[in-house]
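Peer 1: The structure's right below; bear with me while I get my questions together.
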Amino acid sequence: MAEKSEYVLGTHGEELARLGLQHSVWRPVVLDCWQKAGITVGKRVLDVGAGPGYAATDLAEIVGPTGEVVALERSQNFIRALEATCRARSLANVKIHELDLMKGDLPRRDYDFAWCRWVVSFVNDQSLLIEKLCGVMPKGSIAIFHEYGHYETWRFFPRLPVHERFREQVIATWRESGGEPDGALQLPGLLGENGFVIRSATPHIFCLRPSDYMWQWPTTFIETYLERLIEMGRIDHQFADQVRTALATAEKNPNARMLTPLVLEIIAEKL
Ligand SMILES: C[S@@+](CC[C@H](N)C(=O)[O-])C[C@H]1O[C@@H](n2cnc3c(N)ncnc32)[C@H](O)[C@@H]1O
């Protein structure tokens with residue numbers, strides 16, 4: 001059954017699977033980031049906008065039974081998926097809160113870390129989110145973000161003009177839903193205003209060839225979001241097929257490359 005949601009990407013089964021693939025592709029980068037930030041056995045981690053919990057369950061395995069992961073998510077479909085994964089992996093250290101980050105109070109705990117990935121871009125008041133987050137993070141705790149910093153870096157070589165038109169539709173629909181694709185841009189200012197000091201800021205951008213595993217991440221997004229744009233009445237089937245044909249041409253060209261949307265990793269400490 002369709003879920004009432006203002007969330008622009010949707011929470012349907014294909015999106016759930018896409019988020020799983022996205023997490024698998026990014027997993028090496030994420031594990032390295034968590035290790036660098038100091039996440040280990042016994043730590044308490046707040047996962048802000050956890051989705052179906054692909055990161056939350058990895059975090060739960062890292063922090064172990066003496067640690068805890070508190071996952072915040074609005075979508076019931078995603079929460080049900082996370083609950084099922086916790087049962088299947090016998091994870092008793094994940095506490096799930098169904099919560100709209102823009103409306104509810106964030107649960108207070110003695111968190112060591114907060115993890116927030118691809119959420120800042122989708123809330124309609126970034127400063128409220130950071131204010132709420134800072135309100136529950138104790139002194140000395142660490143907040144980690146992976147958010148888009150410059151979405152328009154996403155392009156193909158040789159250029160695919162039809163993909164660039166698709167990318168513009170993505171940007172426009174996220175903005176129209178109240179989000180901001182380049183969500184990371186405001187983070188340094190907002191974190192500073194709320195008592196955090198940035199310990200590191202690292203860009204993650206990749207130049208991919210069709211045979212790279214990571215190629216699957218943006219291309220799966222294209223397929224899922226073409227359908228979403230059709231549902232929204234933003235594009236027609238003919239345009240969607242033009243994008244698919246252009247992508248198929250790139251995939252047959254051994255010299256084709258894709259530059260990914262820039263993700264900024266920010267690690268900040270609460271003073
Ligand atoms: C692109 S997904 C990322 C999910 C997860 N952080 C990950 O990295 O796989 C964005 C998530 O933010 C959630 N979200 C967006 N706006 C929200 C809000 N106002 N309150 C709670 N969750 C929200 C969506 O439901 C979705 O699960």
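If you're wondering about the labels, chains in the structure tokens are A, B, ... by order shown, residues count from 1 in each chain, ligands from 1 in order shown.
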Dump the neighbourhood of ligand 1 as an MDAnalysis selection string: all residues within 7 Å, distances computed on only C-alpha atoms and all ligand atoms.
Peer 2: chainID A and resid 7 11 19 23 48:55 72:75 78 99:102 116:119 122:123
Peer 1: Env of Glu147 in chain A: 10 Å cut, atoms = only C-alpha atoms, seq-sep filter 3 positions within chain, self excluded. Answer as number ranges by chain.
Peer 2: A: 116-121, 144, 150-151, 181-185, 187, 203-204, 261-266
Peer 1: Can those selected residues be exported to a file as a JSON list (two decimals), in the first residue's frame so that it contains C-alpha atoms?
Peer 2:
[["chain", "number", "residue", "atom", "x", "y", "z"],
["A", 116, "CYS", "CA", 23.71, 11.53, 9.51],
["A", 117, "ARG", "CA", 23.91, 10.57, 5.83],
["A", 118, "TRP", "CA", 21.89, 11.98, 2.93],
["A", 119, "VAL", "CA", 19.27, 13.46, 5.23],
["A", 120, "VAL", "CA", 20.23, 17.15, 5.44],
["A", 121, "SER", "CA", 19.37, 17.43, 1.72],
["A", 144, "ILE", "CA", 29.52, 12.75, 11.45],
["A", 150, "HIS", "CA", 27.95, 20.01, -5.15],
["A", 151, "TYR", "CA", 25.38, 17.82, -6.91],
["A", 181, "PRO", "CA", 20.57, 19.06, -2.81],
["A", 182, "ASP", "CA", 23.83, 20.72, -1.74],
["A", 183, "GLY", "CA", 22.93, 20.13, 1.89],
["A", 184, "ALA", "CA", 26.53, 20.08, 3.14],
["A", 185, "LEU", "CA", 27.17, 23.70, 2.20],
["A", 187, "LEU", "CA", 26.74, 22.63, 7.70],
["A", 203, "PRO", "CA", 35.45, 15.46, -0.16],
["A", 204, "HIS", "CA", 34.46, 12.12, -1.66],
["A", 261, "PRO", "CA", 28.00, 13.91, -7.14],
["A", 262, "LEU", "CA", 30.40, 15.34, -4.57],
["A", 263, "VAL", "CA", 29.80, 14.05, -1.04],
["A", 264, "LEU", "CA", 31.32, 16.03, 1.81],
["A", 265, "GLU", "CA", 32.28, 14.12, 4.95],
["A", 266, "ILE", "CA", 32.23, 16.34, 8.01]]
Peer 1: Taking only C-alpha atoms into account, which of A:Leu91, A:Ile222, A:Cys207, A:Val162 comes nearest Glu15 in chain A?
Peer 2: A:Ile222
Peer 1: Find the residue from A:Gly179, A:Gly38, A:Pro161, A:Gly64 that sits nearest to Asp112 in chain A; use only C-alpha atoms when measuring.
Peer 2: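 Ranking A:Gly179, A:Gly38, A:Pro161, A:Gly64 by distance to Asp112 in chain A, first place goes to A:Gly38.
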Peer 1: Smallest atom-to-atom distance to Glu193 in chain A: which of A:Ile79, A:Leu271, A:Val70, A:Ala88, using only C-alpha atoms?
Peer 2: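 With only C-alpha atoms as the atom set, the closest residue is A:Leu271.
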Peer 1: For Leu106 in chain A, work out the shell of residues within 9 Å, counting only C-alpha atoms and skipping chain neighbours fewer than 2 positions away, then give it as a count of residues only.
Peer 2: 10
Peer 1: Taking the chain letters and numbering used in this document, name the residues of range 72-207 of chain A that DSSP puts in alpha helix (DSSP H), as a PDB file with N, CA and C atoms, in the first residue's frame.
Peer 2:
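As written to disk, part09.pdb reads:
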ATOM      1  N   GLN A  76       7.346   4.402   8.002  1.00  0.00           N
ATOM      2  CA  GLN A  76       6.990   3.111   8.613  1.00  0.00           C
ATOM      3  C   GLN A  76       7.515   1.939   7.785  1.00  0.00           C
ATOM      4  N   ASN A  77       7.516   2.083   6.453  1.00  0.00           N
ATOM      5  CA  ASN A  77       8.045   0.993   5.616  1.00  0.00           C
ATOM      6  C   ASN A  77       9.504   0.729   5.947  1.00  0.00           C
ATOM      7  N   PHE A  78      10.273   1.803   6.089  1.00  0.00           N
ATOM      8  CA  PHE A  78      11.701   1.639   6.392  1.00  0.00           C
ATOM      9  C   PHE A  78      11.889   1.087   7.807  1.00  0.00           C
ATOM     10  N   ILE A  79      11.058   1.535   8.735  1.00  0.00           N
ATOM     11  CA  ILE A  79      11.179   1.052  10.116  1.00  0.00           C
ATOM     12  C   ILE A  79      10.890  -0.453  10.171  1.00  0.00           C
ATOM     13  N   ARG A  80       9.851  -0.885   9.446  1.00  0.00           N
ATOM     14  CA  ARG A  80       9.538  -2.325   9.428  1.00  0.00           C
ATOM     15  C   ARG A  80      10.711  -3.127   8.863  1.00  0.00           C
ATOM     16  N   ALA A  81      11.356  -2.587   7.836  1.00  0.00           N
ATOM     17  CA  ALA A  81      12.512  -3.284   7.240  1.00  0.00           C
ATOM     18  C   ALA A  81      13.649  -3.365   8.257  1.00  0.00           C
ATOM     19  N   LEU A  82      13.875  -2.266   8.978  1.00  0.00           N
ATOM     20  CA  LEU A  82      14.957  -2.254   9.983  1.00  0.00           C
ATOM     21  C   LEU A  82      14.653  -3.248  11.108  1.00  0.00           C
ATOM     22  N   GLU A  83      13.400  -3.281  11.541  1.00  0.00           N
ATOM     23  CA  GLU A  83      13.035  -4.233  12.608  1.00  0.00           C
ATOM     24  C   GLU A  83      13.284  -5.673  12.144  1.00  0.00           C
ATOM     25  N   ALA A  84      12.936  -5.952  10.875  1.00  0.00           N
ATOM     26  CA  ALA A  84      13.121  -7.315  10.350  1.00  0.00           C
ATOM     27  C   ALA A  84      14.612  -7.670  10.306  1.00  0.00           C
ATOM     28  N   THR A  85      15.444  -6.700   9.892  1.00  0.00           N
ATOM     29  CA  THR A  85      16.892  -6.978   9.829  1.00  0.00           C
ATOM     30  C   THR A  85      17.449  -7.229  11.233  1.00  0.00           C
ATOM     31  N   CYS A  86      16.986  -6.444  12.199  1.00  0.00           N
ATOM     32  CA  CYS A  86      17.477  -6.628  13.574  1.00  0.00           C
ATOM     33  C   CYS A  86      17.114  -8.018  14.077  1.00  0.00           C
ATOM     34  N   ARG A  87      15.875  -8.447  13.757  1.00  0.00           N
ATOM     35  CA  ARG A  87      15.471  -9.799  14.193  1.00  0.00           C
ATOM     36  C   ARG A  87      16.332 -10.844  13.506  1.00  0.00           C
ATOM     37  N   ALA A  88      16.519 -10.691  12.182  1.00  0.00           N
ATOM     38  CA  ALA A  88      17.265 -11.692  11.412  1.00  0.00           C
ATOM     39  C   ALA A  88      18.726 -11.761  11.865  1.00  0.00           C
ATOM     40  N   GLN A 126      17.037  22.980   7.566  1.00  0.00           N
ATOM     41  CA  GLN A 126      18.327  22.405   7.966  1.00  0.00           C
ATOM     42  C   GLN A 126      18.771  22.953   9.318  1.00  0.00           C
ATOM     43  N   SER A 127      18.498  24.254   9.524  1.00  0.00           N
ATOM     44  CA  SER A 127      19.001  24.852  10.759  1.00  0.00           C
ATOM     45  C   SER A 127      18.261  24.275  11.974  1.00  0.00           C
ATOM     46  N   LEU A 128      16.955  23.949  11.795  1.00  0.00           N
ATOM     47  CA  LEU A 128      16.203  23.314  12.889  1.00  0.00           C
ATOM     48  C   LEU A 128      16.797  21.929  13.199  1.00  0.00           C
ATOM     49  N   LEU A 129      17.127  21.191  12.145  1.00  0.00           N
ATOM     50  CA  LEU A 129      17.701  19.855  12.344  1.00  0.00           C
ATOM     51  C   LEU A 129      18.999  19.941  13.161  1.00  0.00           C
ATOM     52  N   ILE A 130      19.868  20.844  12.767  1.00  0.00           N
ATOM     53  CA  ILE A 130      21.176  20.937  13.450  1.00  0.00           C
ATOM     54  C   ILE A 130      20.988  21.454  14.884  1.00  0.00           C
ATOM     55  N   GLU A 131      20.042  22.387  15.046  1.00  0.00           N
ATOM     56  CA  GLU A 131      19.761  22.890  16.408  1.00  0.00           C
ATOM     57  C   GLU A 131      19.264  21.741  17.310  1.00  0.00           C
ATOM     58  N   LYS A 132      18.360  20.927  16.779  1.00  0.00           N
ATOM     59  CA  LYS A 132      17.826  19.803  17.572  1.00  0.00           C
ATOM     60  C   LYS A 132      18.922  18.781  17.871  1.00  0.00           C
ATOM     61  N   LEU A 133      19.720  18.507  16.853  1.00  0.00           N
ATOM     62  CA  LEU A 133      20.795  17.523  17.026  1.00  0.00           C
ATOM     63  C   LEU A 133      21.766  18.005  18.101  1.00  0.00           C
ATOM     64  N   CYS A 134      22.148  19.262  17.991  1.00  0.00           N
ATOM     65  CA  CYS A 134      23.109  19.806  18.950  1.00  0.00           C
ATOM     66  C   CYS A 134      22.523  19.822  20.349  1.00  0.00           C
ATOM     67  N   GLY A 135      21.191  19.970  20.428  1.00  0.00           N
ATOM     68  CA  GLY A 135      20.530  19.995  21.735  1.00  0.00           C
ATOM     69  C   GLY A 135      20.646  18.674  22.486  1.00  0.00           C
ATOM     70  N   VAL A 136      20.814  17.560  21.758  1.00  0.00           N
ATOM     71  CA  VAL A 136      20.884  16.261  22.458  1.00  0.00           C
ATOM     72  C   VAL A 136      22.290  15.663  22.481  1.00  0.00           C
ATOM     73  N   PRO A 161      24.042  15.103 -22.665  1.00  0.00           N
ATOM     74  CA  PRO A 161      23.148  16.236 -22.367  1.00  0.00           C
ATOM     75  C   PRO A 161      21.816  15.813 -21.769  1.00  0.00           C
ATOM     76  N   VAL A 162      21.308  14.652 -22.191  1.00  0.00           N
ATOM     77  CA  VAL A 162      20.001  14.239 -21.671  1.00  0.00           C
ATOM     78  C   VAL A 162      20.112  13.873 -20.185  1.00  0.00           C
ATOM     79  N   HIS A 163      21.259  13.340 -19.785  1.00  0.00           N
ATOM     80  CA  HIS A 163      21.480  13.075 -18.355  1.00  0.00           C
ATOM     81  C   HIS A 163      21.542  14.385 -17.575  1.00  0.00           C
ATOM     82  N   GLU A 164      22.169  15.403 -18.176  1.00  0.00           N
ATOM     83  CA  GLU A 164      22.268  16.697 -17.471  1.00  0.00           C
ATOM     84  C   GLU A 164      20.870  17.308 -17.283  1.00  0.00           C
ATOM     85  N   ARG A 165      19.988  17.053 -18.249  1.00  0.00           N
ATOM     86  CA  ARG A 165      18.597  17.533 -18.085  1.00  0.00           C
ATOM     87  C   ARG A 165      17.892  16.736 -16.979  1.00  0.00           C
ATOM     88  N   PHE A 166      18.179  15.436 -16.931  1.00  0.00           N
ATOM     89  CA  PHE A 166      17.625  14.599 -15.850  1.00  0.00           C
ATOM     90  C   PHE A 166      18.117  15.120 -14.495  1.00  0.00           C
ATOM     91  N   ARG A 167      19.431  15.385 -14.403  1.00  0.00           N
ATOM     92  CA  ARG A 167      20.025  15.880 -13.151  1.00  0.00           C
ATOM     93  C   ARG A 167      19.351  17.193 -12.715  1.00  0.00           C
ATOM     94  N   GLU A 168      19.031  18.048 -13.686  1.00  0.00           N
ATOM     95  CA  GLU A 168      18.358  19.309 -13.341  1.00  0.00           C
ATOM     96  C   GLU A 168      16.960  19.053 -12.773  1.00  0.00           C
ATOM     97  N   GLN A 169      16.290  18.024 -13.285  1.00  0.00           N
ATOM     98  CA  GLN A 169      14.970  17.648 -12.745  1.00  0.00           C
ATOM     99  C   GLN A 169      15.109  17.148 -11.308  1.00  0.00           C
ATOM    100  N   VAL A 170      16.175  16.396 -11.062  1.00  0.00           N
ATOM    101  CA  VAL A 170      16.409  15.893  -9.698  1.00  0.00           C
ATOM    102  C   VAL A 170      16.554  17.079  -8.748  1.00  0.00           C
ATOM    103  N   ILE A 171      17.424  17.995  -9.127  1.00  0.00           N
ATOM    104  CA  ILE A 171      17.689  19.166  -8.278  1.00  0.00           C
ATOM    105  C   ILE A 171      16.397  19.959  -8.052  1.00  0.00           C
ATOM    106  N   ALA A 172      15.651  20.181  -9.137  1.00  0.00           N
ATOM    107  CA  ALA A 172      14.427  20.994  -9.032  1.00  0.00           C
ATOM    108  C   ALA A 172      13.397  20.322  -8.116  1.00  0.00           C
ATOM    109  N   THR A 173      13.231  19.001  -8.257  1.00  0.00           N
ATOM    110  CA  THR A 173      12.187  18.337  -7.455  1.00  0.00           C
ATOM    111  C   THR A 173      12.592  18.278  -5.979  1.00  0.00           C
ATOM    112  N   TRP A 174      13.882  18.117  -5.695  1.00  0.00           N
ATOM    113  CA  TRP A 174      14.303  18.114  -4.280  1.00  0.00           C
ATOM    114  C   TRP A 174      14.060  19.494  -3.679  1.00  0.00           C
ATOM    115  N   ARG A 175      14.387  20.540  -4.450  1.00  0.00           N
ATOM    116  CA  ARG A 175      14.172  21.904  -3.920  1.00  0.00           C
ATOM    117  C   ARG A 175      12.686  22.174  -3.736  1.00  0.00           C
ATOM    118  N   GLU A 176      11.880  21.748  -4.716  1.00  0.00           N
ATOM    119  CA  GLU A 176      10.426  22.001  -4.610  1.00  0.00           C
ATOM    120  C   GLU A 176       9.812  21.274  -3.418  1.00  0.00           C
ATOM    121  N   LEU A 187      26.407  23.313   6.450  1.00  0.00           N
ATOM    122  CA  LEU A 187      26.744  22.633   7.702  1.00  0.00           C
ATOM    123  C   LEU A 187      27.837  23.338   8.513  1.00  0.00           C
ATOM    124  N   PRO A 188      28.933  23.777   7.900  1.00  0.00           N
ATOM    125  CA  PRO A 188      29.962  24.417   8.736  1.00  0.00           C
ATOM    126  C   PRO A 188      29.405  25.596   9.535  1.00  0.00           C
ATOM    127  N   GLY A 189      28.611  26.446   8.887  1.00  0.00           N
ATOM    128  CA  GLY A 189      28.038  27.602   9.585  1.00  0.00           C
ATOM    129  C   GLY A 189      27.090  27.165  10.697  1.00  0.00           C
ATOM    130  N   LEU A 190      26.180  26.235  10.356  1.00  0.00           N
ATOM    131  CA  LEU A 190      25.181  25.805  11.346  1.00  0.00           C
ATOM    132  C   LEU A 190      25.834  25.082  12.522  1.00  0.00           C
ATOM    133  N   LEU A 191      26.833  24.270  12.231  1.00  0.00           N
ATOM    134  CA  LEU A 191      27.506  23.542  13.321  1.00  0.00           C
ATOM    135  C   LEU A 191      28.231  24.527  14.236  1.00  0.00           C
ATOM    136  N   GLY A 192      28.872  25.522  13.625  1.00  0.00           N
ATOM    137  CA  GLY A 192      29.583  26.548  14.402  1.00  0.00           C
ATOM    138  C   GLY A 192      28.628  27.306  15.322  1.00  0.00           C
ATOM    139  N   GLU A 193      27.459  27.673  14.771  1.00  0.00           N
ATOM    140  CA  GLU A 193      26.473  28.432  15.576  1.00  0.00           C
ATOM    141  C   GLU A 193      25.930  27.603  16.734  1.00  0.00           C
TER     142      GLU A 193
END
Peer 1: What is the distance, in Å and to one decimal place, between CA of Phe221 in chain A and CA of Ala71 in chain A?
Peer 2: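 Going from CA of Phe221 in chain A over to CA of Ala71 in chain A, I get 23.9 Å.
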Peer 1: Can you work out the spacing between CA of Ser141 in chain A and CA of Glu269 in chain A in Å, to one decimal?
Peer 2: 5.8 Å
Peer 1: Given only C-alpha atoms as the basis, pick out the residue of A:Ile267, A:Leu208, A:Met137, A:Leu9 nearest to Leu226 in chain A.
Peer 2: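 Closest residue, counting only C-alpha atoms: A:Leu9.
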Peer 1: DSSP on the backbone: which residues in range 29-80 of chain A end up as strand (DSSP E)? Give the answer as number ranges by chain.
Peer 2: A: 44-48, 68-73
Peer 1: Provide the CA of Asn255 in chain A to CA of Pro210 in chain A distance in Å, to one decimal place.
Peer 2: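 Going from CA of Asn255 in chain A over to CA of Pro210 in chain A, I get 9.1 Å.
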Peer 1: Rank nothing, just name the residue among A:Val63, A:Ile39, A:Ala56, A:Glu227 nearest to Glu14 in chain A, using only C-alpha atoms.
Peer 2: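 Going through A:Val63, A:Ile39, A:Ala56, A:Glu227 one by one, the smallest distance to Glu14 in chain A is for A:Glu227.
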Peer 1: Got a sec: who's within 12 Å of Leu247 in chain A, counting only C-alpha atoms, leaving out chain neighbours fewer than 2 positions off, as a ChimeraX atom specification?
Peer 2: /A:155-164,166,210,215-216,218-220,222-223,240-245,249-253,256-258
Peer 1: For the residues in that selection, give me C-alpha atoms as a PDB file, in the first residue's frame.
Peer 2:
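Writing done, so here's again-v4.pdb:
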ATOM      1  CA  ARG A 155      28.261  14.159 -15.157  1.00  0.00           C
ATOM      2  CA  PHE A 156      29.446  11.839 -17.870  1.00  0.00           C
ATOM      3  CA  PHE A 157      32.448  12.034 -20.198  1.00  0.00           C
ATOM      4  CA  PRO A 158      31.751  12.152 -23.110  1.00  0.00           C
ATOM      5  CA  ARG A 159      28.894  14.421 -21.990  1.00  0.00           C
ATOM      6  CA  LEU A 160      25.339  13.122 -22.007  1.00  0.00           C
ATOM      7  CA  PRO A 161      23.148  16.236 -22.367  1.00  0.00           C
ATOM      8  CA  VAL A 162      20.001  14.239 -21.671  1.00  0.00           C
ATOM      9  CA  HIS A 163      21.480  13.075 -18.355  1.00  0.00           C
ATOM     10  CA  GLU A 164      22.268  16.697 -17.471  1.00  0.00           C
ATOM     11  CA  PHE A 166      17.625  14.599 -15.850  1.00  0.00           C
ATOM     12  CA  PRO A 210      31.173   1.261 -16.350  1.00  0.00           C
ATOM     13  CA  TRP A 215      28.919   2.778 -11.247  1.00  0.00           C
ATOM     14  CA  GLN A 216      25.816   0.864 -10.117  1.00  0.00           C
ATOM     15  CA  PRO A 218      24.164   6.501  -9.656  1.00  0.00           C
ATOM     16  CA  THR A 219      22.796   4.324 -12.463  1.00  0.00           C
ATOM     17  CA  THR A 220      20.372   2.544 -10.111  1.00  0.00           C
ATOM     18  CA  ILE A 222      18.622   7.026 -12.510  1.00  0.00           C
ATOM     19  CA  GLU A 223      16.350   4.030 -13.110  1.00  0.00           C
ATOM     20  CA  ALA A 240      12.949   8.416 -19.782  1.00  0.00           C
ATOM     21  CA  ASP A 241      13.846   6.197 -22.761  1.00  0.00           C
ATOM     22  CA  GLN A 242      16.245   8.847 -24.084  1.00  0.00           C
ATOM     23  CA  VAL A 243      18.061   8.831 -20.733  1.00  0.00           C
ATOM     24  CA  ARG A 244      18.177   5.007 -20.722  1.00  0.00           C
ATOM     25  CA  THR A 245      19.529   4.912 -24.294  1.00  0.00           C
ATOM     26  CA  THR A 249      25.617   3.974 -25.004  1.00  0.00           C
ATOM     27  CA  ALA A 250      27.996   5.108 -22.267  1.00  0.00           C
ATOM     28  CA  GLU A 251      28.068   1.615 -20.799  1.00  0.00           C
ATOM     29  CA  LYS A 252      29.239   0.174 -24.138  1.00  0.00           C
ATOM     30  CA  ASN A 253      32.060   2.710 -24.437  1.00  0.00           C
ATOM     31  CA  ALA A 256      33.309   6.497 -20.896  1.00  0.00           C
ATOM     32  CA  ARG A 257      33.682   7.909 -17.399  1.00  0.00           C
ATOM     33  CA  MET A 258      31.215   9.196 -14.831  1.00  0.00           C
TER      34      MET A 258
END
Peer 1: Neighbouring residues of Ile230 in chain A were defined as those with any atom within 10 Å, considering only C-alpha atoms; residues of the same chain fewer than 6 positions away were excluded. Please report them as a list in words.
Peer 2: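 My reading of the contact set: Asp236, His237, Phe239 and Ala240 of chain A.
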Peer 1: Kindly indicate which residue among A:Phe145, A:Trp154, A:Trp115, A:Phe206 lies nearest to Asp47 in chain A, using only C-alpha atoms for the distances.
Peer 2: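 Between A:Phe145, A:Trp154, A:Trp115, A:Phe206, the residue approaching Asp47 in chain A most closely is A:Trp115.
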